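Source file protein_15.txt; content: compact mmCIF, C-alpha atoms.
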# COMPACT_ATOMS: atom_id res chain seq x y z
CA MET A 548 -3.87 21.79 -22.74
CA LEU A 549 -7.06 23.84 -22.17
CA ILE A 550 -10.01 22.47 -20.21
CA PRO A 551 -13.32 24.37 -19.94
CA THR A 552 -14.53 25.28 -16.47
CA ARG A 553 -18.04 24.63 -15.17
CA LEU A 554 -18.96 28.24 -15.95
CA MET A 555 -17.85 27.73 -19.53
CA MET A 556 -19.97 24.58 -19.82
CA TRP A 557 -23.05 26.57 -18.80
CA LEU A 558 -22.22 29.40 -21.21
CA ALA A 559 -21.77 26.89 -24.02
CA ALA A 560 -25.52 26.33 -23.93
CA THR A 561 -26.33 29.96 -24.92
CA PRO A 562 -26.01 29.39 -28.73
CA LEU A 563 -28.52 26.59 -28.47
CA ILE A 564 -30.84 28.80 -26.43
CA ALA A 565 -30.53 31.51 -29.08
CA ILE A 566 -31.55 29.07 -31.84
CA LEU A 567 -34.48 27.74 -29.83
CA GLY A 568 -35.56 31.24 -28.85
CA GLY A 569 -35.50 32.41 -32.50
CA GLN A 570 -37.36 29.27 -33.60
CA GLY A 571 -34.59 28.40 -36.05
CA VAL A 572 -34.84 31.53 -38.24
CA PRO A 573 -31.61 32.40 -40.16
CA ALA A 574 -30.95 35.45 -37.97
CA ALA A 575 -31.09 33.31 -34.81
CA VAL A 576 -28.64 30.84 -36.34
CA VAL A 577 -26.24 33.66 -37.20
CA VAL A 578 -26.46 34.96 -33.63
CA ALA A 579 -25.84 31.45 -32.27
CA TRP A 580 -22.74 31.00 -34.41
CA SER A 581 -21.49 34.41 -33.39
CA LEU A 582 -21.94 33.52 -29.72
CA ALA A 583 -20.17 30.21 -30.21
CA GLY A 584 -17.25 31.95 -31.90
CA LEU A 585 -17.00 34.54 -29.14
CA LEU A 586 -17.08 31.84 -26.45
CA ALA A 587 -14.42 29.80 -28.23
CA ALA A 588 -12.23 32.87 -28.58
CA ALA A 589 -12.77 33.75 -24.91
CA LEU A 590 -11.87 30.18 -23.90
CA VAL A 591 -8.59 30.33 -25.84
CA VAL A 592 -7.70 33.78 -24.56
CA ASP A 593 -8.48 32.85 -20.96
CA GLY A 594 -6.42 29.67 -21.28
CA LEU A 595 -3.45 31.58 -22.69
CA LEU A 596 -3.71 34.15 -19.90
CA ALA A 597 -3.83 31.32 -17.35
CA ARG A 598 -0.61 29.86 -18.71
CA ARG A 599 1.13 33.23 -18.31
CA LEU A 600 0.09 33.86 -14.70
CA PRO A 601 3.14 34.40 -12.42
CA ILE A 602 2.78 31.20 -10.36
CA ARG A 603 5.69 29.31 -8.76
CA LEU A 604 5.34 25.86 -7.17
CA HIS A 605 7.77 24.01 -4.89
CA ARG A 606 7.44 20.65 -3.10
CA ARG A 607 8.61 20.34 0.53
CA ALA A 608 9.23 16.79 1.76
CA PRO A 609 10.79 15.24 4.89
CA GLU A 610 14.30 13.80 4.65
CA ARG A 611 12.99 10.29 5.35
CA LEU A 612 9.70 8.45 5.26
CA HIS A 613 8.64 5.45 7.35
CA VAL A 614 6.44 2.56 6.28
CA ASP A 615 2.80 2.81 7.45
CA GLN A 616 3.42 6.15 9.16
CA ALA A 617 1.64 9.29 7.94
CA GLU A 618 4.02 12.05 6.89
CA PRO A 619 3.05 15.60 5.83
CA MET A 620 3.92 16.54 2.27
CA ALA A 621 3.67 20.21 1.33
CA TRP A 622 3.43 22.31 -1.81
CA THR A 623 4.36 25.96 -1.58
CA VAL A 624 2.36 28.12 -4.02
CA GLU A 625 3.81 31.54 -4.75
CA ASN A 626 1.49 34.00 -6.51
CA ARG A 627 3.35 37.11 -7.72
CA GLY A 628 0.30 38.60 -9.43
CA ARG A 629 -2.20 41.18 -8.23
CA THR A 630 -5.25 38.92 -8.42
CA PRO A 631 -6.10 35.66 -6.62
CA VAL A 632 -5.49 32.47 -8.58
CA ARG A 633 -7.30 29.14 -8.24
CA LEU A 634 -5.32 25.93 -8.80
CA ILE A 635 -5.87 22.19 -8.72
CA LEU A 636 -2.82 20.17 -7.62
CA SER A 637 -2.31 16.43 -8.17
CA ASP A 638 1.02 15.04 -6.96
CA ARG A 639 2.43 11.80 -8.35
CA THR A 640 3.10 9.81 -5.18
CA PRO A 641 5.27 6.67 -4.89
CA GLU A 642 3.79 3.37 -6.00
CA GLY A 643 1.52 1.85 -3.37
CA ALA A 644 1.48 4.96 -1.16
CA ARG A 645 -1.81 6.39 0.11
CA ALA A 646 -2.33 10.15 -0.20
CA THR A 647 -5.07 12.16 1.56
CA PRO A 648 -6.43 14.09 -0.25
CA LEU A 649 -5.49 12.80 -3.68
CA VAL A 650 -6.28 16.15 -5.34
CA MET A 651 -6.04 19.59 -3.74
CA GLU A 652 -8.03 22.56 -4.98
CA VAL A 653 -6.44 25.71 -3.58
CA GLU A 654 -6.64 29.47 -3.99
CA ALA A 655 -3.51 31.57 -3.84
CA PRO A 656 -4.08 35.17 -2.66
CA PRO A 657 -2.38 37.98 -4.59
CA ASN A 658 1.28 38.68 -3.80
CA SER A 659 1.49 35.73 -1.43
CA ARG A 660 3.36 32.54 -0.66
CA THR A 661 1.08 29.86 0.79
CA THR A 662 1.76 26.26 1.83
CA TYR A 663 -0.77 23.48 1.31
CA THR A 664 -0.23 20.02 2.77
CA TYR A 665 -1.51 16.49 2.34
CA GLU A 666 -0.76 13.27 4.24
CA LEU A 667 1.21 10.45 2.67
CA VAL A 668 1.35 6.90 4.03
CA PRO A 669 4.05 4.85 2.23
CA THR A 670 3.69 1.06 2.17
CA ARG A 671 7.08 -0.04 0.81
CA ARG A 672 10.64 0.20 2.07
CA GLY A 673 13.54 1.39 -0.03
CA LEU A 674 14.19 4.33 -2.28
CA VAL A 675 10.73 5.64 -3.23
CA ALA A 676 10.18 8.10 -6.07
CA PHE A 677 7.80 11.03 -6.46
CA GLY A 678 6.89 11.96 -10.01
CA ASP A 679 6.13 15.31 -11.64
CA LEU A 680 3.31 17.55 -10.47
CA ASP A 681 0.19 17.76 -12.65
CA TYR A 682 -1.69 20.97 -11.95
CA ARG A 683 -4.34 23.24 -13.43
CA VAL A 684 -4.49 27.03 -13.30
CA ARG A 685 -7.81 28.80 -13.82
CA GLY A 686 -7.76 31.82 -16.11
CA PRO A 687 -8.71 35.32 -14.89
CA LEU A 688 -12.04 35.13 -16.79
CA GLY A 689 -12.96 31.87 -15.08
CA LEU A 690 -13.64 30.13 -18.40
CA ALA A 691 -10.64 27.82 -18.86
CA TRP A 692 -8.20 25.68 -16.93
CA ALA A 693 -4.67 25.53 -18.28
CA GLN A 694 -3.26 22.09 -17.46
CA LYS A 695 0.49 21.98 -16.96
CA ARG A 696 3.16 19.64 -15.64
CA LEU A 697 5.98 20.71 -13.36
CA PRO A 698 9.17 18.57 -13.45
CA ALA A 699 9.50 17.63 -9.78
CA ARG A 700 10.89 14.09 -9.59
CA LEU A 701 12.22 13.34 -6.13
CA GLU A 702 13.64 10.21 -4.47
CA ILE A 703 13.41 9.71 -0.70
CA HIS A 704 14.58 6.92 1.58
CA CYS A 705 11.64 5.04 3.12
CA MET A 706 12.64 3.28 6.33
CA PRO A 707 11.05 0.26 8.06
CA HIS A 708 8.23 0.89 10.49
CA LEU A 709 9.53 0.71 14.08
CA ALA A 710 6.20 0.09 15.79
CA ASN A 711 7.87 -1.32 18.91
CA ALA A 712 10.53 1.36 19.39
CA ARG A 713 8.93 2.76 22.54
CA ALA A 714 8.43 -0.70 23.99
CA ALA A 715 12.10 -1.50 23.37
CA ASP A 716 13.18 1.72 25.10
CA LEU A 717 10.94 0.87 28.05
CA ALA A 718 12.46 -2.62 28.25
CA GLU A 719 15.94 -1.10 28.38
CA ARG A 720 14.93 1.27 31.18
CA ARG A 721 13.36 -1.57 33.17
CA ALA A 722 16.55 -3.59 32.79
CA LEU A 723 18.66 -0.73 34.08
CA LEU A 724 16.35 -0.28 37.07
CA ARG A 725 16.53 -3.99 37.90
CA GLN A 726 20.30 -3.87 37.74
CA ALA A 727 20.35 -0.90 40.13
CA GLY A 728 23.98 -0.17 39.41
CA SER A 729 24.50 -3.03 36.99
CA HIS A 730 27.31 -5.52 37.07
CA ARG A 731 30.70 -6.23 35.61
CA PHE A 732 31.08 -9.88 34.66
CA ARG A 733 32.90 -11.78 32.01
CA TRP A 734 32.06 -15.36 31.07
CA ARG A 735 33.04 -17.82 33.84
CA GLY A 736 33.01 -15.05 36.44
CA ALA A 737 36.32 -13.38 35.58
CA GLY A 738 36.92 -9.65 36.03
CA ALA A 739 34.18 -8.70 38.55
CA THR A 740 34.41 -5.28 40.28
CA PHE A 741 32.23 -4.61 43.34
CA GLU A 742 30.00 -1.51 43.27
CA SER A 743 27.38 -1.67 46.08
CA PHE A 744 24.93 -3.84 48.06
CA ARG A 745 21.19 -4.28 47.51
CA GLU A 746 18.31 -6.52 48.56
CA TYR A 747 18.33 -9.98 46.97
CA ASN A 748 15.50 -10.82 44.53
CA ALA A 749 14.41 -14.09 42.97
CA GLN A 750 15.98 -13.28 39.59
CA ASP A 751 19.48 -12.86 41.02
CA ASP A 752 22.21 -15.42 40.40
CA VAL A 753 23.31 -17.20 43.57
CA ARG A 754 26.89 -16.07 42.83
CA TRP A 755 25.83 -12.49 43.52
CA VAL A 756 24.84 -13.23 47.15
CA ASP A 757 27.17 -11.72 49.75
CA TRP A 758 27.01 -14.29 52.57
CA LYS A 759 28.76 -12.13 55.18
CA ALA A 760 26.30 -9.26 54.68
CA THR A 761 23.43 -11.78 54.63
CA ALA A 762 24.51 -13.26 57.98
CA ARG A 763 25.05 -9.83 59.55
CA LEU A 764 21.67 -8.40 58.48
CA GLY A 765 19.62 -11.57 58.74
CA ARG A 766 18.20 -11.32 55.19
CA PRO A 767 19.56 -12.14 51.71
CA ILE A 768 21.84 -9.41 50.32
CA SER A 769 23.23 -9.27 46.77
CA ARG A 770 26.21 -7.43 45.39
CA ASN A 771 26.07 -4.94 42.51
CA PHE A 772 28.90 -4.80 40.03
CA GLN A 773 30.03 -2.20 37.56
CA ILE A 774 28.75 -2.41 34.00
CA GLU A 775 30.91 -4.48 31.66
CA ARG A 776 31.25 -2.55 28.44
CA HIS A 777 32.69 -3.58 25.12
CA GLN A 778 31.00 -6.95 24.84
CA GLN A 779 30.39 -8.17 21.30
CA VAL A 780 27.05 -8.81 19.59
CA VAL A 781 26.47 -9.89 15.98
CA VAL A 782 22.95 -9.93 14.50
CA LEU A 783 22.40 -12.42 11.68
CA VAL A 784 19.33 -11.74 9.51
CA ASP A 785 17.89 -14.52 7.34
CA ALA A 786 16.69 -13.13 3.98
CA SER A 787 15.56 -16.40 2.37
CA ARG A 788 12.18 -17.54 1.06
CA ALA A 789 10.74 -18.53 4.45
CA LEU A 790 10.68 -14.83 5.43
CA THR A 791 8.56 -13.81 2.41
CA THR A 792 5.28 -15.00 3.96
CA TYR A 793 2.93 -12.45 5.47
CA CYS A 794 1.98 -12.07 9.12
CA GLY A 795 -0.81 -9.51 9.13
CA ARG A 796 -0.09 -6.53 6.86
CA ARG A 797 3.68 -7.05 6.60
CA THR A 798 6.05 -9.88 5.83
CA LYS A 799 8.05 -11.81 8.39
CA PHE A 800 11.16 -10.22 6.91
CA ASP A 801 9.84 -6.74 7.77
CA ALA A 802 9.17 -7.88 11.33
CA MET A 803 12.73 -9.21 11.56
CA LEU A 804 14.14 -5.97 10.13
CA GLU A 805 12.43 -4.04 12.90
CA ALA A 806 13.91 -6.44 15.47
CA ALA A 807 17.39 -6.06 13.93
CA ILE A 808 17.29 -2.24 13.96
CA LEU A 809 15.99 -2.04 17.55
CA LEU A 810 18.57 -4.59 18.69
CA ALA A 811 21.28 -2.52 17.02
CA ARG A 812 20.12 0.65 18.72
CA ILE A 813 19.85 -0.91 22.19
CA THR A 814 23.14 -2.80 21.82
CA LEU A 815 25.09 0.34 20.96
CA GLY A 816 23.30 2.17 23.75
CA GLN A 817 24.55 -0.47 26.17
CA GLY A 818 28.13 0.16 25.05
CA ASP A 819 28.59 -3.15 23.22
CA ASP A 820 30.26 -3.77 19.88
CA LEU A 821 27.65 -4.43 17.19
CA GLY A 822 28.02 -6.41 13.98
CA LEU A 823 25.55 -7.41 11.27
CA MET A 824 25.25 -10.18 8.69
CA VAL A 825 22.45 -10.59 6.14
CA PHE A 826 22.36 -13.87 4.23
CA ASP A 827 20.21 -16.11 2.03
CA ASP A 828 22.03 -18.65 -0.12
CA GLN A 829 25.02 -16.31 0.11
CA VAL A 830 26.16 -13.50 2.38
CA GLU A 831 24.54 -10.29 1.14
CA LEU A 832 25.96 -7.91 3.77
CA TYR A 833 28.52 -8.08 6.55
CA LEU A 834 29.45 -5.34 9.00
CA HIS A 835 32.24 -6.16 11.43
CA PRO A 836 31.42 -5.39 15.10
CA ARG A 837 32.06 -1.77 16.00
CA ARG A 838 31.09 0.45 18.91
CA GLU A 839 30.77 3.82 17.15
CA ARG A 840 27.35 5.44 16.90
CA SER A 841 27.85 5.62 13.14
CA GLN A 842 27.42 1.84 13.13
CA LEU A 843 23.67 2.28 13.66
CA LYS A 844 23.44 4.45 10.54
CA ALA A 845 25.39 1.82 8.60
CA VAL A 846 23.02 -0.91 9.82
CA ILE A 847 19.90 1.03 8.83
CA GLU A 848 21.28 1.98 5.42
CA GLY A 849 22.30 -1.62 4.82
CA LEU A 850 18.91 -3.07 5.76
CA TYR A 851 16.20 -0.72 4.55
CA THR A 852 16.42 -1.60 0.83
CA LEU A 853 16.83 -5.37 1.24
CA GLU A 854 14.14 -7.81 0.19
CA PRO A 855 14.09 -11.59 0.83
CA ARG A 856 14.89 -13.86 -2.10
CA LEU A 857 13.14 -17.10 -3.06
CA VAL A 858 16.12 -19.30 -2.18
CA GLU A 859 17.04 -21.67 0.65
CA PRO A 860 19.09 -20.25 3.54
CA ASN A 861 22.75 -21.25 3.60
CA TYR A 862 23.22 -21.67 7.36
CA GLU A 863 26.56 -23.44 6.88
CA LEU A 864 28.11 -20.47 5.10
CA ALA A 865 26.63 -17.86 7.46
CA LEU A 866 27.50 -19.57 10.75
CA THR A 867 30.98 -20.75 9.77
CA LEU A 868 31.86 -17.31 8.37
CA ALA A 869 30.53 -15.61 11.51
CA ALA A 870 32.62 -17.91 13.73
CA LYS A 871 35.72 -17.43 11.58
CA ARG A 872 35.55 -13.64 11.63
CA ASN A 873 34.76 -13.34 15.37
CA THR A 874 37.26 -15.22 17.48
CA ARG A 875 36.39 -13.25 20.63
CA ARG A 876 33.42 -14.56 22.64
CA THR A 877 30.31 -13.14 20.97
CA LEU A 878 26.56 -13.19 21.30
CA PHE A 879 25.19 -14.24 17.91
CA ILE A 880 21.49 -13.41 17.46
CA LEU A 881 20.00 -15.25 14.48
CA LEU A 882 16.69 -13.81 13.20
CA THR A 883 15.15 -16.58 11.11
CA ASP A 884 12.06 -18.71 10.52
CA LEU A 885 11.79 -22.40 11.42
CA THR A 886 8.69 -23.27 9.42
CA VAL A 887 10.77 -25.28 6.93
CA VAL A 888 11.93 -28.00 9.30
CA GLU A 889 14.50 -29.54 6.92
CA ALA A 890 16.40 -26.27 6.58
CA ALA A 891 16.11 -25.65 10.31
CA ARG A 892 17.72 -29.02 11.06
CA ARG A 893 20.71 -28.01 8.97
CA MET A 894 20.95 -24.87 11.09
CA LEU A 895 20.91 -27.07 14.22
CA GLN A 896 23.80 -29.11 12.83
CA TYR A 897 25.95 -26.07 12.05
CA SER A 898 25.09 -24.29 15.31
CA ARG A 899 27.67 -26.57 16.93
CA VAL A 900 30.29 -24.38 15.26
CA LEU A 901 29.27 -21.54 17.60
CA THR A 902 28.06 -23.04 20.87
CA PRO A 903 31.43 -24.29 22.26
CA ARG A 904 32.91 -20.78 22.33
CA HIS A 905 30.09 -18.32 21.75
CA LEU A 906 26.56 -17.65 22.99
CA PHE A 907 23.95 -18.37 20.29
CA LEU A 908 20.39 -17.00 20.39
CA VAL A 909 17.87 -18.07 17.74
CA VAL A 910 14.88 -15.73 17.35
CA THR A 911 11.99 -17.10 15.31
CA ILE A 912 8.41 -16.13 14.54
CA ALA A 913 5.60 -18.44 15.57
CA ASP A 914 3.48 -19.51 12.61
CA GLU A 915 0.01 -18.25 13.50
CA THR A 916 -1.59 -19.97 10.49
CA LEU A 917 -0.38 -23.38 11.64
CA GLU A 918 -1.55 -22.67 15.18
CA GLU A 919 -5.03 -21.69 13.96
CA ASN A 920 -5.34 -24.75 11.71
CA GLU A 921 -4.17 -27.05 14.48
CA LEU A 922 -6.85 -25.79 16.88
CA ARG A 923 -9.65 -25.73 14.29
CA GLU A 924 -12.42 -28.32 14.63
CA PRO A 925 -12.60 -30.23 11.31
CA ARG A 926 -16.02 -30.70 9.71
CA THR A 927 -15.01 -31.99 6.29
CA ALA A 928 -12.38 -34.38 4.97
CA GLU A 929 -10.35 -31.46 3.59
CA GLU A 930 -10.39 -29.64 6.94
CA LEU A 931 -9.39 -32.86 8.69
CA TYR A 932 -6.41 -33.15 6.34
CA ARG A 933 -5.37 -29.55 7.05
CA VAL A 934 -5.62 -30.06 10.80
CA GLY A 935 -3.53 -33.23 10.54
CA VAL A 936 -0.82 -31.54 8.48
CA ALA A 937 -0.73 -28.53 10.81
CA ALA A 938 -0.51 -30.75 13.89
CA GLY A 939 2.35 -32.72 12.35
CA LEU A 940 4.31 -29.61 11.42
CA MET A 941 3.74 -28.06 14.84
CA ARG A 942 4.98 -31.25 16.51
CA GLU A 943 8.13 -31.32 14.36
CA ARG A 944 8.72 -27.65 15.10
CA THR A 945 8.32 -28.15 18.85
CA ILE A 946 10.77 -31.06 18.79
CA LEU A 947 13.26 -28.98 16.82
CA LEU A 948 13.07 -26.07 19.29
CA GLU A 949 13.65 -28.47 22.17
CA GLU A 950 16.66 -30.01 20.41
CA LEU A 951 18.10 -26.52 19.94
CA ARG A 952 17.73 -25.79 23.64
CA ARG A 953 19.34 -29.11 24.63
CA SER A 954 22.30 -28.36 22.35
CA GLY A 955 23.05 -25.15 24.26
CA VAL A 956 21.26 -22.68 21.98
CA GLU A 957 19.07 -19.97 23.48
CA VAL A 958 15.67 -19.94 21.73
CA LEU A 959 13.04 -17.21 21.48
CA ASP A 960 9.78 -18.12 19.73
CA SER A 961 7.45 -15.14 19.47
CA ARG A 962 4.52 -13.68 17.57
CA ALA A 963 5.43 -11.33 14.73
CA ASP A 964 4.07 -8.20 16.42
CA GLN A 965 6.09 -8.93 19.59
CA VAL A 966 9.32 -10.33 18.18
CA ALA A 967 11.23 -7.02 18.21
CA THR A 968 10.38 -6.16 21.81
CA ARG A 969 10.96 -9.69 23.10
CA ALA A 970 14.31 -9.96 21.29
CA VAL A 971 15.47 -6.77 23.00
CA GLU A 972 14.24 -8.05 26.37
CA ARG A 973 16.06 -11.37 25.90
CA TYR A 974 19.30 -9.61 24.98
CA LEU A 975 19.07 -7.42 28.10
CA ASP A 976 18.23 -10.46 30.23
CA LEU A 977 21.31 -12.31 28.94
CA LYS A 978 23.44 -9.33 29.91
CA ARG A 979 21.82 -9.16 33.32
CA ARG A 980 22.50 -12.85 33.94
CA ASN A 981 26.14 -12.42 32.89
CA ARG A 982 25.79 -14.84 29.97
CA LEU A 983 27.96 -12.68 27.73
What does this structure look like when you write it as structure tokens?
Amino acid sequence: MLIPTRLMMWLAATPLIAILGGQGVPAAVVVAWSLAGLLAAALVVDGLLARRLPIRLHRRAPERLHVDQAEPMAWTVENRGRTPVRLILSDRTPEGARATPLVMEVEAPPNSRTTYTYELVPTRRGLVAFGDLDYRVRGPLGLAWAQKRLPARLEIHCMPHLANARAADLAERRALLRQAGSHRFRWRGAGATFESFREYNAQDDVRWVDWKATARLGRPISRNFQIERHQQVVVLVDASRALTTYCGRRTKFDAMLEAAILLARITLGQGDDLGLMVFDDQVELYLHPRRERSQLKAVIEGLYTLEPRLVEPNYELALTLAAKRNTRRTLFILLTDLTVVEAARRMLQYSRVLTPRHLFLVVTIADETLEENELREPRTAEELYRVGVAAGLMRERTILLEELRRSGVEVLDSRADQVATRAVERYLDLKRRNRL
């Protein structure tokens, strides 16, 4: 396809000028037609020359992309000719992604290989696809653009955005500093191995106090214990309809995915066995607890393409299967949403399968919309109705959370932007307090 350049558009006016200058006499018309023919011929020749220019294009992309994080995308332009060449590049980016700039106009020097970059911000997880490259090459006469398409389809894995990764790492470091040597405890106090003494602080368990050292020094002294490795943690991720609602720019499910990945990374870093289950009305994915570092890769690859389905969560299937496959004492961390109170009450009923033998932590996202409606001052009958409904749902939710706590379930209710960091902190706190 040939497209005239701006120079060609200006030159196209010369036949008209010739006619006007000759006041329409036959000779002026002949000259105008001659000029038009020459310009048309020059346009075709320039376009054909542009198509034959020795230009090579190659896309350079990172191995992985991350949602809402800018990544550099590059095109390498190789000009094997002896003259500079001007090009216009327009990459076909994945659906929903934002590219800056959308179109690049570049000039390749003679006998050179030059790289030109643009920023891409993907907005969706999963396997994202780049299309072919549409580009234009200007002819050596500067009259025509030759538009071409380069087959360059490429698929790249786009991972969830880990906005709280640094905060999670900081929480782990703070936990290690508080432990100051850590401890070795099994449930019910079995298997403790002394490591050193330290000053008592208010967060210490009374069982850690060494009374002989306290009496000798005249101030409270606690004992440190060696780290207990090889504990078992299983993360259960709810992928049902309640997680499809948005909290800010992302869904609750995306916030829970971030929490699951950071929990997996910190858990393996602590030396614990990590397992994963993703469920909705059926079990979509199950990874048995393992301690190898490859388990983190398996978790990420299993999670990054998943999307929640518009179905009710089957807590009975998920919790009973988790208890059946993990007979050893395990920390089960359930990442779910308790906005639908009826479904949450079923989860409370089946949580009794876990609590007698295992430690069960339920992590949920606070519904900011309900909180805002509850605190809003109503001015119309419709607003009064909304406030009443929100207050009723918030009351039922509060009662449900309290019932979970009374039944022996650990509960973490957090805002969406803090749920990943707070889940990591709660896991580390449970380890510090020897709950595992």
| task | Within 9 Å of Gln829 (chain A), counting all atoms listed in the file, which residues show up once you throw out same-chain ones fewer than 5 positions away? Write them as a ChimeraX atom specification, please. | result | /A:860-861,864-865
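Counting only C-alpha atoms, the residue from A:Ser637, A:Ser841, A:Gln616, A:Thr661 that sits nearest to Arg696 (chain A) is A:Ser637.
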| request: Take the point (16.9, -7.4, 3.8) in the file's coordinates, draw a sphere of radius 12 Å around it, and report as a ChimeraX atom specification every protein, DNA or RNA residue with an atom inside or on it, counting all atoms listed in the file. | output: /A:672-673,706-707,783-788,790-791,798-805,807-808,823-827,830-833,846-856,882-883
| said: Residues within 12 Å of Leu764 (chain A), please, as a PyMOL selection string. Count only C-alpha atoms; anything in the same chain fewer than 5 positions from it doesn't count. | reply: chain A and resi 744-746+757-759+769
So which residues touch Leu554 (chain A) within 12 Å, counting all atoms listed in the file, skipping near sequence neighbours fewer than 2 positions away, as a PDB file with C-alpha atoms, keeping the file's coordinate frame?
ATOM      1  CA  ILE A 550     -10.010  22.470 -20.210  1.00  0.00           C
ATOM      2  CA  PRO A 551     -13.320  24.370 -19.940  1.00  0.00           C
ATOM      3  CA  THR A 552     -14.530  25.280 -16.470  1.00  0.00           C
ATOM      4  CA  MET A 556     -19.970  24.580 -19.820  1.00  0.00           C
ATOM      5  CA  TRP A 557     -23.050  26.570 -18.800  1.00  0.00           C
ATOM      6  CA  LEU A 558     -22.220  29.400 -21.210  1.00  0.00           C
ATOM      7  CA  ALA A 559     -21.770  26.890 -24.020  1.00  0.00           C
ATOM      8  CA  ALA A 560     -25.520  26.330 -23.930  1.00  0.00           C
ATOM      9  CA  THR A 561     -26.330  29.960 -24.920  1.00  0.00           C
ATOM     10  CA  LEU A 586     -17.080  31.840 -26.450  1.00  0.00           C
ATOM     11  CA  LEU A 590     -11.870  30.180 -23.900  1.00  0.00           C
ATOM     12  CA  ARG A 685      -7.810  28.800 -13.820  1.00  0.00           C
ATOM     13  CA  GLY A 686      -7.760  31.820 -16.110  1.00  0.00           C
ATOM     14  CA  LEU A 688     -12.040  35.130 -16.790  1.00  0.00           C
ATOM     15  CA  GLY A 689     -12.960  31.870 -15.080  1.00  0.00           C
ATOM     16  CA  LEU A 690     -13.640  30.130 -18.400  1.00  0.00           C
ATOM     17  CA  ALA A 691     -10.640  27.820 -18.860  1.00  0.00           C
ATOM     18  CA  TRP A 692      -8.200  25.680 -16.930  1.00  0.00           C
TER      19      TRP A 692
END
| To one decimal place, how far is CA of Ala589 (chain A) from CA of Leu697 (chain A) in Å? | 25.6 Å
| task | Identify which of the residues A:Asp751, A:Ala891, A:Ile880, A:Asn920 lies closest to Tyr932 (chain A), counting all atoms listed in the file when measuring atom-to-atom distances. | result | A:Asn920
| query | Skipping near chain neighbours, those fewer than 2 positions away, what residues fall within 12 Å of Leu948 (chain A) using all atoms listed in the file, listed as an MDAnalysis selection string? | reply | chainID A and resid 884:886 888 891:892 894:895 908:913 941:946 950:960
| Residue neighbourhood Ala870 (chain A), 8 Å, only C-alpha atoms, exclusion window fewer than 4 positions, as a VMD selection string | chain A and resid 866 874 900 to 901
Residues just named, written with C-alpha atoms as a PDB file, in the frame of the given file:
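Saved result, part_36.pdb, follows:
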ATOM      1  CA  LEU A 866      27.500 -19.570  10.750  1.00  0.00           C
ATOM      2  CA  THR A 874      37.260 -15.220  17.480  1.00  0.00           C
ATOM      3  CA  VAL A 900      30.290 -24.380  15.260  1.00  0.00           C
ATOM      4  CA  LEU A 901      29.270 -21.540  17.600  1.00  0.00           C
TER       5      LEU A 901
END
| request: Select, from A:Thr867, A:Val858, A:Asn771, A:Trp755, the residue with the minimum atom-to-atom distance to Ser743 (chain A), counting only C-alpha atoms. | output: A:Asn771
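Reported to one decimal place, the separation of CA of Arg796 (chain A) from CA of Arg926 (chain A) is 29.1 Å.
A straight line drawn from CA of Val592 (chain A) to CA of Pro573 (chain A) is 28.6 Å long.
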| remark: From the list A:Pro641, A:Gly678, A:Pro656, A:Gly822, the nearest residue to Leu612 (chain A) using all atoms listed in the file is A:Pro641
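Nearest residue to Arg607 (chain A), choosing from A:Gly568, A:Tyr663, A:Val756, A:Arg639 and counting all atoms listed in the file: A:Tyr663.
Restricting the calculation to only C-alpha atoms, the smallest distance between Asp681 (chain A) and any of A:Met548, A:Ala579, A:Met555, A:Cys705 is found for A:Met548.
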| request: Step by step: start from the point (-1.5, 26.1, -2.5) in the file's coordinates, keep every protein, DNA or RNA residue that has an atom no farther than 7 Å from it, count only C-alpha atoms, and write the set as number ranges by chain. | output: A: 622-624, 653-655, 661-663
